[in-house]
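Participant: My file is final14.cif. It has mmCIF, C-alpha atoms and all ligand atoms:
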data_input
#
loop_
_atom_site.label_atom_id
_atom_site.label_comp_id
_atom_site.auth_asym_id
_atom_site.auth_seq_id
_atom_site.Cartn_x
_atom_site.Cartn_y
_atom_site.Cartn_z
CA MET A 865 -21.71 -7.78 -5.24
CA THR A 866 -23.78 -4.92 -3.80
CA THR A 867 -22.40 -2.65 -1.10
CA SER A 868 -24.83 -4.08 1.48
CA ARG A 869 -23.56 -7.61 0.71
CA LEU A 870 -19.98 -6.39 1.09
CA LEU A 871 -20.96 -5.01 4.49
CA LYS A 872 -22.48 -8.35 5.52
CA GLY A 873 -19.36 -10.14 4.29
CA SER A 874 -17.24 -7.87 6.47
CA LEU A 875 -19.33 -8.75 9.51
CA GLN A 876 -19.17 -12.48 8.83
CA ARG A 877 -15.57 -12.80 7.73
CA SER A 878 -13.10 -10.42 9.28
CA TYR A 879 -9.93 -11.18 11.16
CA ASP A 880 -8.35 -9.70 14.19
CA PRO A 881 -4.61 -10.08 13.50
CA GLU A 882 -3.78 -9.47 17.18
CA ILE A 883 -5.61 -12.72 17.99
CA ASP A 884 -5.50 -14.68 14.72
CA ILE A 885 -1.70 -14.56 14.46
CA ASP A 886 0.52 -16.12 17.09
CA TRP A 887 2.94 -13.23 17.51
CA SER A 888 4.92 -15.04 20.18
CA ALA A 889 5.85 -17.92 17.82
CA PRO A 890 9.48 -17.73 16.68
CA LEU A 891 10.35 -17.50 12.98
CA VAL A 892 10.97 -20.92 11.45
CA GLU A 893 14.58 -21.67 10.49
CA ASP A 894 15.52 -22.23 6.85
CA ARG A 895 12.23 -21.04 5.35
CA PHE A 896 11.76 -18.51 2.60
CA PHE A 897 9.78 -15.45 3.64
CA ALA A 898 7.88 -15.48 0.34
CA PRO A 899 7.74 -17.98 -2.52
CA PRO A 900 11.21 -17.76 -4.15
CA GLN A 901 9.67 -17.09 -7.57
CA ALA A 902 8.17 -13.91 -6.13
CA SER A 903 11.66 -12.54 -5.48
CA ALA A 904 12.62 -9.87 -8.00
CA LEU A 905 16.00 -11.58 -8.36
CA TYR A 906 14.62 -15.09 -8.98
CA GLY A 907 15.90 -16.54 -12.24
CA SER A 908 18.76 -14.03 -12.55
CA ARG A 909 22.42 -15.00 -12.64
CA LEU A 910 22.88 -13.18 -9.34
CA TRP A 911 20.14 -15.28 -7.68
CA ASP A 912 21.74 -18.50 -8.90
CA SER A 913 25.10 -17.41 -7.48
CA LEU A 914 23.65 -16.97 -3.96
CA THR A 915 23.56 -19.62 -1.25
CA ARG A 916 20.14 -20.75 -0.01
CA GLU A 917 20.74 -18.77 3.17
CA GLN A 918 21.40 -15.61 1.16
CA GLN A 919 18.33 -16.22 -1.00
CA ILE A 920 16.22 -16.54 2.16
CA GLU A 921 17.69 -13.28 3.43
CA VAL A 922 16.77 -11.57 0.13
CA THR A 923 13.13 -12.70 0.50
CA ARG A 924 13.19 -11.53 4.13
CA CYS A 925 14.25 -8.01 3.14
CA GLU A 926 11.86 -7.93 0.17
CA VAL A 927 8.92 -8.92 2.38
CA ALA A 928 9.96 -6.26 4.91
CA ASN A 929 9.89 -3.70 2.11
CA LEU A 930 6.51 -4.97 0.92
CA LEU A 931 5.10 -4.48 4.43
CA ASN A 932 6.75 -1.11 4.61
CA PHE A 933 5.15 -0.16 1.28
CA GLY A 934 1.84 -1.59 2.48
CA ILE A 935 1.74 0.67 5.54
CA TRP A 936 2.72 3.71 3.49
CA VAL A 937 0.11 3.29 0.74
CA GLU A 938 -2.68 2.00 2.99
CA THR A 939 -2.32 4.99 5.27
CA ALA A 940 -2.46 7.29 2.24
CA PHE A 941 -5.54 5.38 0.97
CA MET A 942 -7.24 5.91 4.30
CA VAL A 943 -6.77 9.66 3.85
CA PHE A 944 -8.26 9.50 0.32
CA LEU A 945 -11.22 7.41 1.47
CA ALA A 946 -11.95 9.49 4.54
CA ARG A 947 -11.75 12.72 2.56
CA ASN A 948 -13.95 11.50 -0.32
CA SER A 949 -16.61 10.14 1.99
CA LEU A 950 -17.11 13.50 3.71
CA ASN A 951 -19.16 14.58 0.67
CA TRP A 952 -21.33 11.47 0.50
CA THR A 953 -24.74 10.66 1.93
CA TYR A 954 -23.99 9.64 5.49
CA ALA A 955 -27.06 7.42 5.94
CA SER A 956 -26.02 5.02 3.17
CA ASP A 957 -24.41 1.61 2.70
CA ARG A 958 -21.70 3.38 0.71
CA MET A 959 -20.74 5.50 3.72
CA ARG A 960 -20.95 2.58 6.13
CA TYR A 961 -18.87 0.36 3.89
CA THR A 962 -16.20 3.05 3.59
CA LEU A 963 -16.02 3.31 7.37
CA THR A 964 -15.72 -0.50 7.53
CA GLU A 965 -12.91 -0.40 4.97
CA LEU A 966 -11.11 2.27 7.00
CA GLY A 967 -11.32 -0.09 9.97
CA ASP A 968 -9.95 -2.97 7.87
CA GLU A 969 -7.02 -0.90 6.63
CA THR A 970 -6.21 0.27 10.14
CA ARG A 971 -5.99 -3.37 11.24
CA HIS A 972 -3.96 -4.32 8.17
CA SER A 973 -1.38 -1.62 8.72
CA THR A 974 -1.19 -2.54 12.40
CA MET A 975 -0.62 -6.16 11.33
CA PHE A 976 2.03 -5.08 8.79
CA SER A 977 3.74 -3.01 11.46
CA MET A 978 3.83 -5.96 13.88
CA ALA A 979 5.10 -8.29 11.15
CA LEU A 980 7.75 -5.73 10.18
CA GLU A 981 8.98 -5.66 13.76
CA LYS A 982 9.05 -9.44 13.90
CA ILE A 983 10.88 -9.78 10.56
CA ASP A 984 13.36 -7.20 11.85
CA ARG A 985 14.53 -5.81 8.48
CA GLY A 986 13.92 -2.27 7.25
CA GLN A 987 12.24 0.37 7.47
CA PHE A 988 13.21 1.54 4.02
CA ARG A 989 12.80 5.06 2.73
CA PHE A 990 11.15 5.44 -0.65
CA ARG A 991 12.73 7.59 -3.33
CA LEU A 992 12.00 11.30 -3.57
CA PRO A 993 9.85 11.24 -6.79
CA GLU A 994 7.51 8.58 -5.33
CA ARG A 995 7.29 10.38 -2.01
CA ALA A 996 6.49 13.59 -3.92
CA ILE A 997 3.69 11.85 -5.88
CA VAL A 998 2.09 10.54 -2.69
CA ARG A 999 2.51 13.90 -0.96
CA GLY A 1000 0.89 15.63 -3.95
CA MET A 1001 -2.00 13.17 -3.94
CA LEU A 1002 -2.48 13.71 -0.22
CA THR A 1003 -2.93 17.41 -0.91
CA HIS A 1004 -5.26 17.00 -3.86
CA CYS A 1005 -6.57 13.81 -5.43
CA PRO A 1006 -9.83 13.58 -7.42
CA GLU A 1007 -12.17 10.79 -6.33
CA ALA A 1008 -11.68 8.84 -9.58
CA LEU A 1009 -7.88 8.93 -9.34
CA SER A 1010 -7.93 7.84 -5.72
CA PHE A 1011 -10.03 4.76 -6.58
CA VAL A 1012 -7.83 4.02 -9.60
CA ALA A 1013 -4.71 4.19 -7.41
CA VAL A 1014 -6.26 2.17 -4.57
CA LEU A 1015 -7.52 -0.55 -6.88
CA PHE A 1016 -4.30 -0.84 -8.89
CA VAL A 1017 -2.15 -1.36 -5.79
CA GLU A 1018 -4.73 -3.71 -4.24
CA GLU A 1019 -4.84 -5.81 -7.43
CA ILE A 1020 -1.08 -6.27 -7.65
CA PHE A 1021 -0.80 -6.93 -3.91
CA ASP A 1022 -3.60 -9.46 -4.20
CA ALA A 1023 -1.91 -11.30 -7.08
CA LEU A 1024 1.38 -11.59 -5.16
CA GLN A 1025 -0.07 -12.35 -1.76
CA ARG A 1026 -2.59 -14.90 -3.02
CA GLU A 1027 0.33 -17.02 -4.22
CA GLY A 1028 2.14 -16.65 -0.87
CA ALA A 1029 -1.04 -17.45 1.09
CA ARG A 1030 -1.26 -20.81 -0.70
CA ASP A 1031 2.41 -21.75 -0.26
CA GLU A 1032 2.82 -24.00 2.77
CA THR A 1033 6.61 -24.02 2.51
CA ILE A 1034 7.13 -20.33 3.42
CA GLN A 1035 7.32 -18.71 6.88
CA PRO A 1036 3.96 -19.27 8.61
CA LEU A 1037 3.97 -15.62 9.72
CA THR A 1038 4.08 -14.23 6.16
CA ARG A 1039 1.59 -16.82 5.00
CA MET A 1040 -0.96 -15.85 7.64
CA VAL A 1041 -0.44 -12.12 7.07
CA TYR A 1042 -1.02 -12.67 3.35
CA LYS A 1043 -4.06 -14.88 3.98
CA ILE A 1044 -5.77 -12.30 6.17
CA HIS A 1045 -4.97 -9.51 3.78
CA VAL A 1046 -6.12 -11.33 0.63
CA THR A 1047 -9.49 -12.25 2.20
CA GLU A 1048 -10.33 -8.74 3.33
CA GLU A 1049 -8.91 -6.97 0.28
CA ALA A 1050 -11.18 -8.97 -2.04
CA ARG A 1051 -14.09 -6.92 -0.67
CA HIS A 1052 -12.19 -3.63 -1.02
CA MET A 1053 -11.48 -4.45 -4.65
CA SER A 1054 -15.17 -5.18 -5.34
CA PHE A 1055 -16.08 -1.84 -3.79
CA ALA A 1056 -13.44 0.10 -5.77
CA ARG A 1057 -14.56 -1.61 -9.02
CA GLN A 1058 -18.18 -0.67 -8.30
CA GLU A 1059 -17.22 2.93 -7.57
CA LEU A 1060 -15.08 3.20 -10.70
CA GLY A 1061 -17.87 1.64 -12.78
CA LYS A 1062 -20.07 4.54 -11.67
CA ILE A 1063 -17.50 7.38 -11.75
CA ILE A 1064 -15.52 6.72 -14.94
CA PRO A 1065 -18.51 6.99 -17.38
CA THR A 1066 -19.16 10.50 -16.01
CA LEU A 1067 -15.65 11.73 -16.91
CA ASN A 1068 -14.87 13.67 -20.05
CA TRP A 1069 -12.24 12.60 -22.63
CA PHE A 1070 -9.39 14.54 -21.02
CA GLN A 1071 -10.12 13.25 -17.55
CA ARG A 1072 -10.25 9.70 -18.88
CA GLN A 1073 -6.90 10.13 -20.63
CA PHE A 1074 -5.44 11.40 -17.38
CA MET A 1075 -6.76 8.39 -15.45
CA ALA A 1076 -5.39 6.05 -18.13
CA MET A 1077 -1.96 7.65 -17.64
CA GLY A 1078 -2.35 7.18 -13.89
CA VAL A 1079 -2.85 3.43 -14.44
CA ALA A 1080 0.17 3.22 -16.77
CA VAL A 1081 2.40 5.11 -14.33
CA GLY A 1082 1.17 2.87 -11.48
CA ILE A 1083 3.26 -0.11 -12.53
CA ARG A 1084 6.41 2.01 -12.78
CA PHE A 1085 5.68 3.53 -9.37
CA ILE A 1086 5.42 0.07 -7.83
CA GLU A 1087 8.56 -1.18 -9.56
CA ARG A 1088 10.58 1.77 -8.31
CA CYS A 1089 9.35 1.29 -4.74
CA TRP A 1090 9.99 -2.44 -4.72
CA LEU A 1091 13.37 -2.56 -6.42
CA MET A 1092 15.43 -0.25 -4.24
CA PRO A 1093 19.20 -0.68 -3.69
CA GLN A 1094 18.87 -0.25 0.10
CA VAL A 1095 16.63 -3.36 0.30
CA TYR A 1096 19.32 -5.53 -1.30
CA ALA A 1097 22.12 -3.82 0.62
CA ARG A 1098 20.25 -4.76 3.81
CA ALA A 1099 20.33 -8.38 2.57
CA GLY A 1100 24.13 -8.14 2.42
CA LEU A 1101 24.45 -7.72 -1.36
CA ASP A 1102 25.87 -4.89 -3.43
CA GLY A 1103 22.66 -2.85 -3.38
CA ARG A 1104 23.07 -1.03 -6.68
CA GLU A 1105 24.18 -4.10 -8.57
CA ALA A 1106 21.35 -6.23 -7.14
CA ALA A 1107 18.68 -3.59 -7.80
CA ARG A 1108 19.95 -3.31 -11.38
CA ALA A 1109 19.87 -7.09 -11.77
CA ALA A 1110 16.29 -7.11 -10.42
CA ARG A 1111 15.21 -4.32 -12.78
CA ARG A 1112 16.68 -6.06 -15.81
CA ASN A 1113 15.62 -9.55 -14.80
CA PRO A 1114 13.41 -10.89 -17.65
CA VAL A 1115 12.00 -13.60 -15.36
CA ARG A 1116 10.72 -10.92 -12.95
CA ARG A 1117 9.25 -8.87 -15.78
CA ARG A 1118 7.40 -11.89 -17.09
CA TYR A 1119 6.19 -12.68 -13.57
CA TYR A 1120 4.85 -9.14 -13.07
CA GLN A 1121 3.31 -9.20 -16.55
CA GLN A 1122 1.43 -12.41 -15.70
CA LYS A 1123 0.03 -10.77 -12.58
CA ILE A 1124 -0.95 -7.66 -14.55
CA ASP A 1125 -2.66 -9.71 -17.27
CA LYS A 1126 -5.13 -10.97 -14.69
CA PHE A 1127 -6.59 -7.60 -13.82
CA VAL A 1128 -5.95 -5.30 -16.76
CA PRO A 1129 -9.09 -6.41 -18.73
CA PHE A 1130 -11.21 -4.52 -16.18
CA TYR A 1131 -9.29 -1.30 -16.86
CA ARG A 1132 -9.68 -1.91 -20.59
CA GLU A 1133 -13.46 -2.33 -20.13
CA LEU A 1134 -13.57 1.00 -18.32
CA GLY A 1135 -11.72 2.70 -21.17
CA LEU A 1136 -8.59 3.27 -19.09
CA ILE A 1137 -6.27 1.63 -21.59
CA THR A 1138 -5.89 4.15 -24.39
CA PRO A 1139 -3.53 4.23 -27.41
CA LEU A 1140 -1.45 6.89 -25.65
CA SER A 1141 -1.32 5.03 -22.34
CA THR A 1142 -0.40 1.81 -24.19
CA LEU A 1143 2.73 3.61 -25.43
CA VAL A 1144 3.62 4.48 -21.84
CA TRP A 1145 3.02 0.88 -20.74
CA LYS A 1146 5.37 -0.28 -23.50
CA LEU A 1147 7.95 2.34 -22.57
CA PHE A 1148 8.02 0.78 -19.12
CA GLY A 1149 8.44 -2.72 -20.62
CA TYR A 1150 4.89 -4.06 -20.20
CA THR A 1151 1.81 -4.53 -22.29
CA PRO A 1152 -1.67 -3.76 -20.93
CA GLY A 1153 -3.46 -7.08 -21.16
CA GLY A 1154 -1.19 -9.25 -23.24
CA SER A 1155 2.26 -10.67 -23.28
CA ARG A 1156 5.28 -8.61 -22.33
CA ALA A 1157 6.39 -5.89 -24.73
CA ALA A 1158 9.25 -6.98 -26.94
FE FE A 1201 -5.24 -3.61 3.28
FE FE A 1202 -7.66 -2.27 0.88
#
Can the structure in the file be given as structure tokens, please?
Ligand SMILES: [Fe+2]
Ligand SMILES: [Fe+2]

Facilitator:
Amino acid sequence: MTTSRLLKGSLQRSYDPEIDIDWSAPLVEDRFFAPPQASALYGSRLWDSLTREQQIEVTRCEVANLLNFGIWVETAFMVFLARNSLNWTYASDRMRYTLTELGDETRHSTMFSMALEKIDRGQFRFRLPERAIVRGMLTHCPEALSFVAVLFVEEIFDALQREGARDETIQPLTRMVYKIHVTEEARHMSFARQELGKIIPTLNWFQRQFMAMGVAVGIRFIERCWLMPQVYARAGLDGREAARAARRNPVRRRYYQQKIDKFVPFYRELGLITPLSTLVWKLFGYTPGGSRAA
């Protein structure tokens, strides 16, 4: 899709979460906040030992953390986008689309913030190494790496949220938040793919290796942000034990691998899956575009 078509799509199909979500509606009793299979504990012995009420509470805290993560990374992405675009041709569809995307992300993070307040769990603080990575990238981040990072997070968010958006049994609030986000992010992903398709072929071998490492580290970064003891402690469990169970849960790993398998072929096409980065993927327990590492 060309950038001008993405712009038209934004005009025709954008949401205003302040209006499109009924913020005054109470949460619905006895509903999961996300599809249970999306919980990092789903399928573990710990999950099976919990009551339905406790399982619901786990999904509530996990969704709160997902929103929390969403605000954090989207705000960082806005900085990357705004900074990159300062060097572009201002009278161009590329510039106008970037400004549109900044507007979308502002609305998304506002929506996440309102949902976070409504869900009333968290805010959680991310670990020091991840905060240091984001801080470093906010200081200096090459254009290619910023699009790689933006697209990788958008892809994995899309895979998870698409499933939630279709599930009529979960909290209507989460479902609507996911639905709005999935629709608008589809355009952002097209734009990032287009940009990467242009930028990556201009990189030299070393730069490409570096980007490939960035992709491989991305999955670990997300895992560490999503599987934090404080999230499970907030759900009333032994935080450390639950986070460990989530990390080691083979059902969760398979679930994440399935999501990854859907979008990794694009990175392979771009040359961002290299023999060296494949080793890193495997070290983290995943395979880039195949079944889970043994
Ligand atoms: Fe977004
Ligand atoms: Fe986005």

Participant: Just want the residues within 6 Å of ligand FE 1201 (chain A), written as a ChimeraX atom specification, counting all atoms listed in the file.

Facilitator: /A:969,972,1045,1049

Participant: Taking only C-alpha atoms and all ligand atoms and a cut-off of 8 Å, can you tell me which residues surround ligand FE 1202 (chain A), written as a PyMOL selection string?

Facilitator: chain A and resi 938+941+965+968-969+1014-1015+1018+1048-1049+1052-1053

Participant: If we count only C-alpha atoms and set the cut-off at 12 Å, which residues sit around Gln1071 (chain A), ignoring sequence neighbours fewer than 6 positions away in its own chain? Please answer as a list in words.

Facilitator: Pro1006, Glu1007, Ala1008, Leu1009, Ile1063, Ile1064, Pro1065, Met1077, Gly1078, Gly1135 and Leu1136 of chain A

Participant: In Å, how far is it from CA of Ala1109 (chain A) to CA of Glu893 (chain A)?

Facilitator: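 These two atoms are separated by 27.1 Å.
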
Participant: As a short mmCIF file (atom, residue, chain, number, x, y, z; two decimals) with C-alpha atoms, in the frame of the given file, please: the residues near Arg1088 (chain A) (cut-off 9 Å, only C-alpha atoms, same-chain neighbours under 5 positions excluded).

Facilitator:
data_model
loop_
_atom_site.label_atom_id
_atom_site.label_comp_id
_atom_site.auth_asym_id
_atom_site.auth_seq_id
_atom_site.Cartn_x
_atom_site.Cartn_y
_atom_site.Cartn_z
CA PHE A 990 11.15 5.44 -0.65
CA ARG A 991 12.73 7.59 -3.33
CA GLU A 994 7.51 8.58 -5.33
CA ILE A 1083 3.26 -0.11 -12.53
CA ARG A 1111 15.21 -4.32 -12.78
#

Participant: From the list A:Leu1091, A:Ser1141, A:Tyr1096, A:Gln1025, which residue is nearest Phe1074 (chain A) when using all atoms listed in the file?

Facilitator: A:Ser1141

Participant: Within 12 Å of Leu870 (chain A), counting all atoms listed in the file, which residues qualify if same-chain residues fewer than 6 places away don't, as JSON, numbers by chain?

Facilitator: {"A": [876, 877, 878, 957, 958, 960, 961, 962, 964, 965, 1048, 1049, 1050, 1051, 1052, 1053, 1054, 1055, 1056, 1058]}

Participant: Between CA of Gly1082 (chain A) and CA of Asn1113 (chain A), what is the spacing in Å?

Facilitator: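 These two atoms are separated by 19.3 Å.
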
Participant: Which neighbours of Gln987 (chain A) fall inside 10 Å, counting all atoms listed in the file, when residues of the same chain fewer than 5 positions from it are skipped, and could you give them as a PyMOL selection string?

Facilitator: chain A and resi 925+928-929+931-933+977+980-981+1094-1095

Participant: Rounded to one decimal in Å, what is the spacing between CA of Thr970 (chain A) and CA of Met942 (chain A)?

Facilitator: 8.2 Å

Participant: For each of A:Met959, A:Met1075, A:Ala889, A:Leu1134, take the minimum atom-to-atom distance to Leu1037 (chain A), counting all atoms listed in the file, then give the residue where this is smallest.

Facilitator: A:Ala889

Participant: Around (-3.4, -1.7, 13.6) in the file's own coordinates, what residues are found within 12 Å if you use only C-alpha atoms, given back as a ChimeraX atom specification?

Facilitator: /A:879-882,935,938-939,966-979

Participant: Quick one: what's the axis-aligned box for region 1070-1080 of chain A, all listed atoms, 4 Å on every side, centre and edges in Å to one decimal, as AutoDock Vina command-line options?

Facilitator:
--center_x -5.0 --center_y 8.9 --center_z -17.5 --size_x 18.4 --size_y 19.3 --size_z 15.1

Participant: With all atoms listed in the file as the basis for distance, which of A:Leu914, A:Ile1020, A:Val927, A:Ile885 is at the shortest distance from Asp1125 (chain A)?

Facilitator: A:Ile1020

Participant: Which residue gives the smallest distance to Phe897 (chain A) among A:Ile883, A:Ile1034, A:Val943, A:Val1081, with all atoms listed in the file counted?

Facilitator: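 Closest candidate: A:Ile1034.
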
Participant: Around the point (4.9, -18.9, -1.2) (coordinates from the file), which residues reach within 6 Å if we count all atoms listed in the file? Answer as a list in words.

Facilitator: Ala898, Pro899, Glu1027, Gly1028, Asp1031 and Ile1034 of chain A

Participant: Would you write out those residues with C-alpha atoms, as a PDB file, keeping the file's coordinate frame?

Facilitator:
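The result, stored in selection_23.pdb:
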ATOM      1  CA  ALA A 898       7.880 -15.480   0.340  1.00  0.00           C
ATOM      2  CA  PRO A 899       7.740 -17.980  -2.520  1.00  0.00           C
ATOM      3  CA  GLU A1027       0.330 -17.020  -4.220  1.00  0.00           C
ATOM      4  CA  GLY A1028       2.140 -16.650  -0.870  1.00  0.00           C
ATOM      5  CA  ASP A1031       2.410 -21.750  -0.260  1.00  0.00           C
ATOM      6  CA  ILE A1034       7.130 -20.330   3.420  1.00  0.00           C
TER       7      ILE A1034
END

Participant: Of the residues A:Asp912, A:Asp884, A:Glu1059, A:Asp984, which is the one nearest to Met1040 (chain A), using all atoms listed in the file?

Facilitator: A:Asp884

Participant: Taking into account all atoms listed in the file, which residue in the set A:Val892, A:Leu910, A:Ala1023, A:Ala902 is nearest to Glu1105 (chain A)?

Facilitator: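 Smallest separation from Glu1105 (chain A) among the options: A:Leu910.
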
Participant: Could you add whatever atoms are missing so that region 1119-1142 of chain A carries N, CA and C atoms, then write the result as an mmCIF file, in the frame of the given file?

Facilitator:
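And here is the file that came out, part01.cif:
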data_model
loop_
_atom_site.group_PDB
_atom_site.id
_atom_site.type_symbol
_atom_site.label_atom_id
_atom_site.label_comp_id
_atom_site.auth_asym_id
_atom_site.auth_seq_id
_atom_site.Cartn_x
_atom_site.Cartn_y
_atom_site.Cartn_z
ATOM 1 N N TYR A 1119 6.994 -12.377 -14.756
ATOM 2 C CA TYR A 1119 6.190 -12.680 -13.570
ATOM 3 C C TYR A 1119 5.211 -11.526 -13.279
ATOM 4 N N TYR A 1120 5.709 -10.299 -13.301
ATOM 5 C CA TYR A 1120 4.850 -9.140 -13.070
ATOM 6 C C TYR A 1120 3.790 -9.038 -14.177
ATOM 7 N N GLN A 1121 4.248 -9.291 -15.429
ATOM 8 C CA GLN A 1121 3.310 -9.200 -16.550
ATOM 9 C C GLN A 1121 2.153 -10.193 -16.388
ATOM 10 N N GLN A 1122 2.485 -11.400 -15.928
ATOM 11 C CA GLN A 1122 1.430 -12.410 -15.700
ATOM 12 C C GLN A 1122 0.416 -11.913 -14.681
ATOM 13 N N LYS A 1123 0.928 -11.285 -13.619
ATOM 14 C CA LYS A 1123 0.030 -10.770 -12.580
ATOM 15 C C LYS A 1123 -0.854 -9.657 -13.160
ATOM 16 N N ILE A 1124 -0.222 -8.779 -13.956
ATOM 17 C CA ILE A 1124 -0.950 -7.660 -14.550
ATOM 18 C C ILE A 1124 -2.049 -8.155 -15.503
ATOM 19 N N ASP A 1125 -1.705 -9.184 -16.272
ATOM 20 C CA ASP A 1125 -2.660 -9.710 -17.270
ATOM 21 C C ASP A 1125 -3.982 -10.109 -16.636
ATOM 22 N N LYS A 1126 -3.918 -10.498 -15.348
ATOM 23 C CA LYS A 1126 -5.130 -10.970 -14.690
ATOM 24 C C LYS A 1126 -6.122 -9.842 -14.428
ATOM 25 N N PHE A 1127 -5.626 -8.643 -14.186
ATOM 26 C CA PHE A 1127 -6.590 -7.600 -13.820
ATOM 27 C C PHE A 1127 -6.743 -6.461 -14.822
ATOM 28 N N VAL A 1128 -5.866 -6.406 -15.816
ATOM 29 C CA VAL A 1128 -5.950 -5.300 -16.760
ATOM 30 C C VAL A 1128 -7.242 -5.293 -17.604
ATOM 31 N N PRO A 1129 -7.840 -6.472 -17.941
ATOM 32 C CA PRO A 1129 -9.090 -6.410 -18.730
ATOM 33 C C PRO A 1129 -10.151 -5.491 -18.129
ATOM 34 N N PHE A 1130 -10.217 -5.398 -16.803
ATOM 35 C CA PHE A 1130 -11.210 -4.520 -16.180
ATOM 36 C C PHE A 1130 -10.926 -3.049 -16.547
ATOM 37 N N TYR A 1131 -9.640 -2.682 -16.521
ATOM 38 C CA TYR A 1131 -9.290 -1.300 -16.860
ATOM 39 C C TYR A 1131 -9.587 -1.029 -18.345
ATOM 40 N N ARG A 1132 -9.387 -2.064 -19.160
ATOM 41 C CA ARG A 1132 -9.680 -1.910 -20.590
ATOM 42 C C ARG A 1132 -11.186 -1.684 -20.783
ATOM 43 N N GLU A 1133 -11.995 -2.486 -20.057
ATOM 44 C CA GLU A 1133 -13.460 -2.330 -20.130
ATOM 45 C C GLU A 1133 -13.891 -0.915 -19.763
ATOM 46 N N LEU A 1134 -13.204 -0.349 -18.777
ATOM 47 C CA LEU A 1134 -13.570 1.000 -18.320
ATOM 48 C C LEU A 1134 -13.076 2.091 -19.263
ATOM 49 N N GLY A 1135 -12.261 1.701 -20.239
ATOM 50 C CA GLY A 1135 -11.720 2.700 -21.170
ATOM 51 C C GLY A 1135 -10.462 3.356 -20.620
ATOM 52 N N LEU A 1136 -9.794 2.681 -19.679
ATOM 53 C CA LEU A 1136 -8.590 3.270 -19.090
ATOM 54 C C LEU A 1136 -7.300 2.713 -19.690
ATOM 55 N N ILE A 1137 -7.452 2.007 -20.805
ATOM 56 C CA ILE A 1137 -6.270 1.630 -21.590
ATOM 57 C C ILE A 1137 -6.471 2.312 -22.938
ATOM 58 N N THR A 1138 -5.726 3.361 -23.170
ATOM 59 C CA THR A 1138 -5.890 4.150 -24.390
ATOM 60 C C THR A 1138 -4.660 3.964 -25.280
ATOM 61 N N PRO A 1139 -4.726 4.363 -26.564
ATOM 62 C CA PRO A 1139 -3.530 4.230 -27.410
ATOM 63 C C PRO A 1139 -2.320 4.942 -26.808
ATOM 64 N N LEU A 1140 -2.558 6.122 -26.243
ATOM 65 C CA LEU A 1140 -1.450 6.890 -25.650
ATOM 66 C C LEU A 1140 -0.888 6.179 -24.418
ATOM 67 N N SER A 1141 -1.801 5.689 -23.562
ATOM 68 C CA SER A 1141 -1.320 5.030 -22.340
ATOM 69 C C SER A 1141 -0.630 3.706 -22.675
ATOM 70 N N THR A 1142 -1.056 3.064 -23.778
ATOM 71 C CA THR A 1142 -0.400 1.810 -24.190
ATOM 72 C C THR A 1142 1.070 2.085 -24.524
#
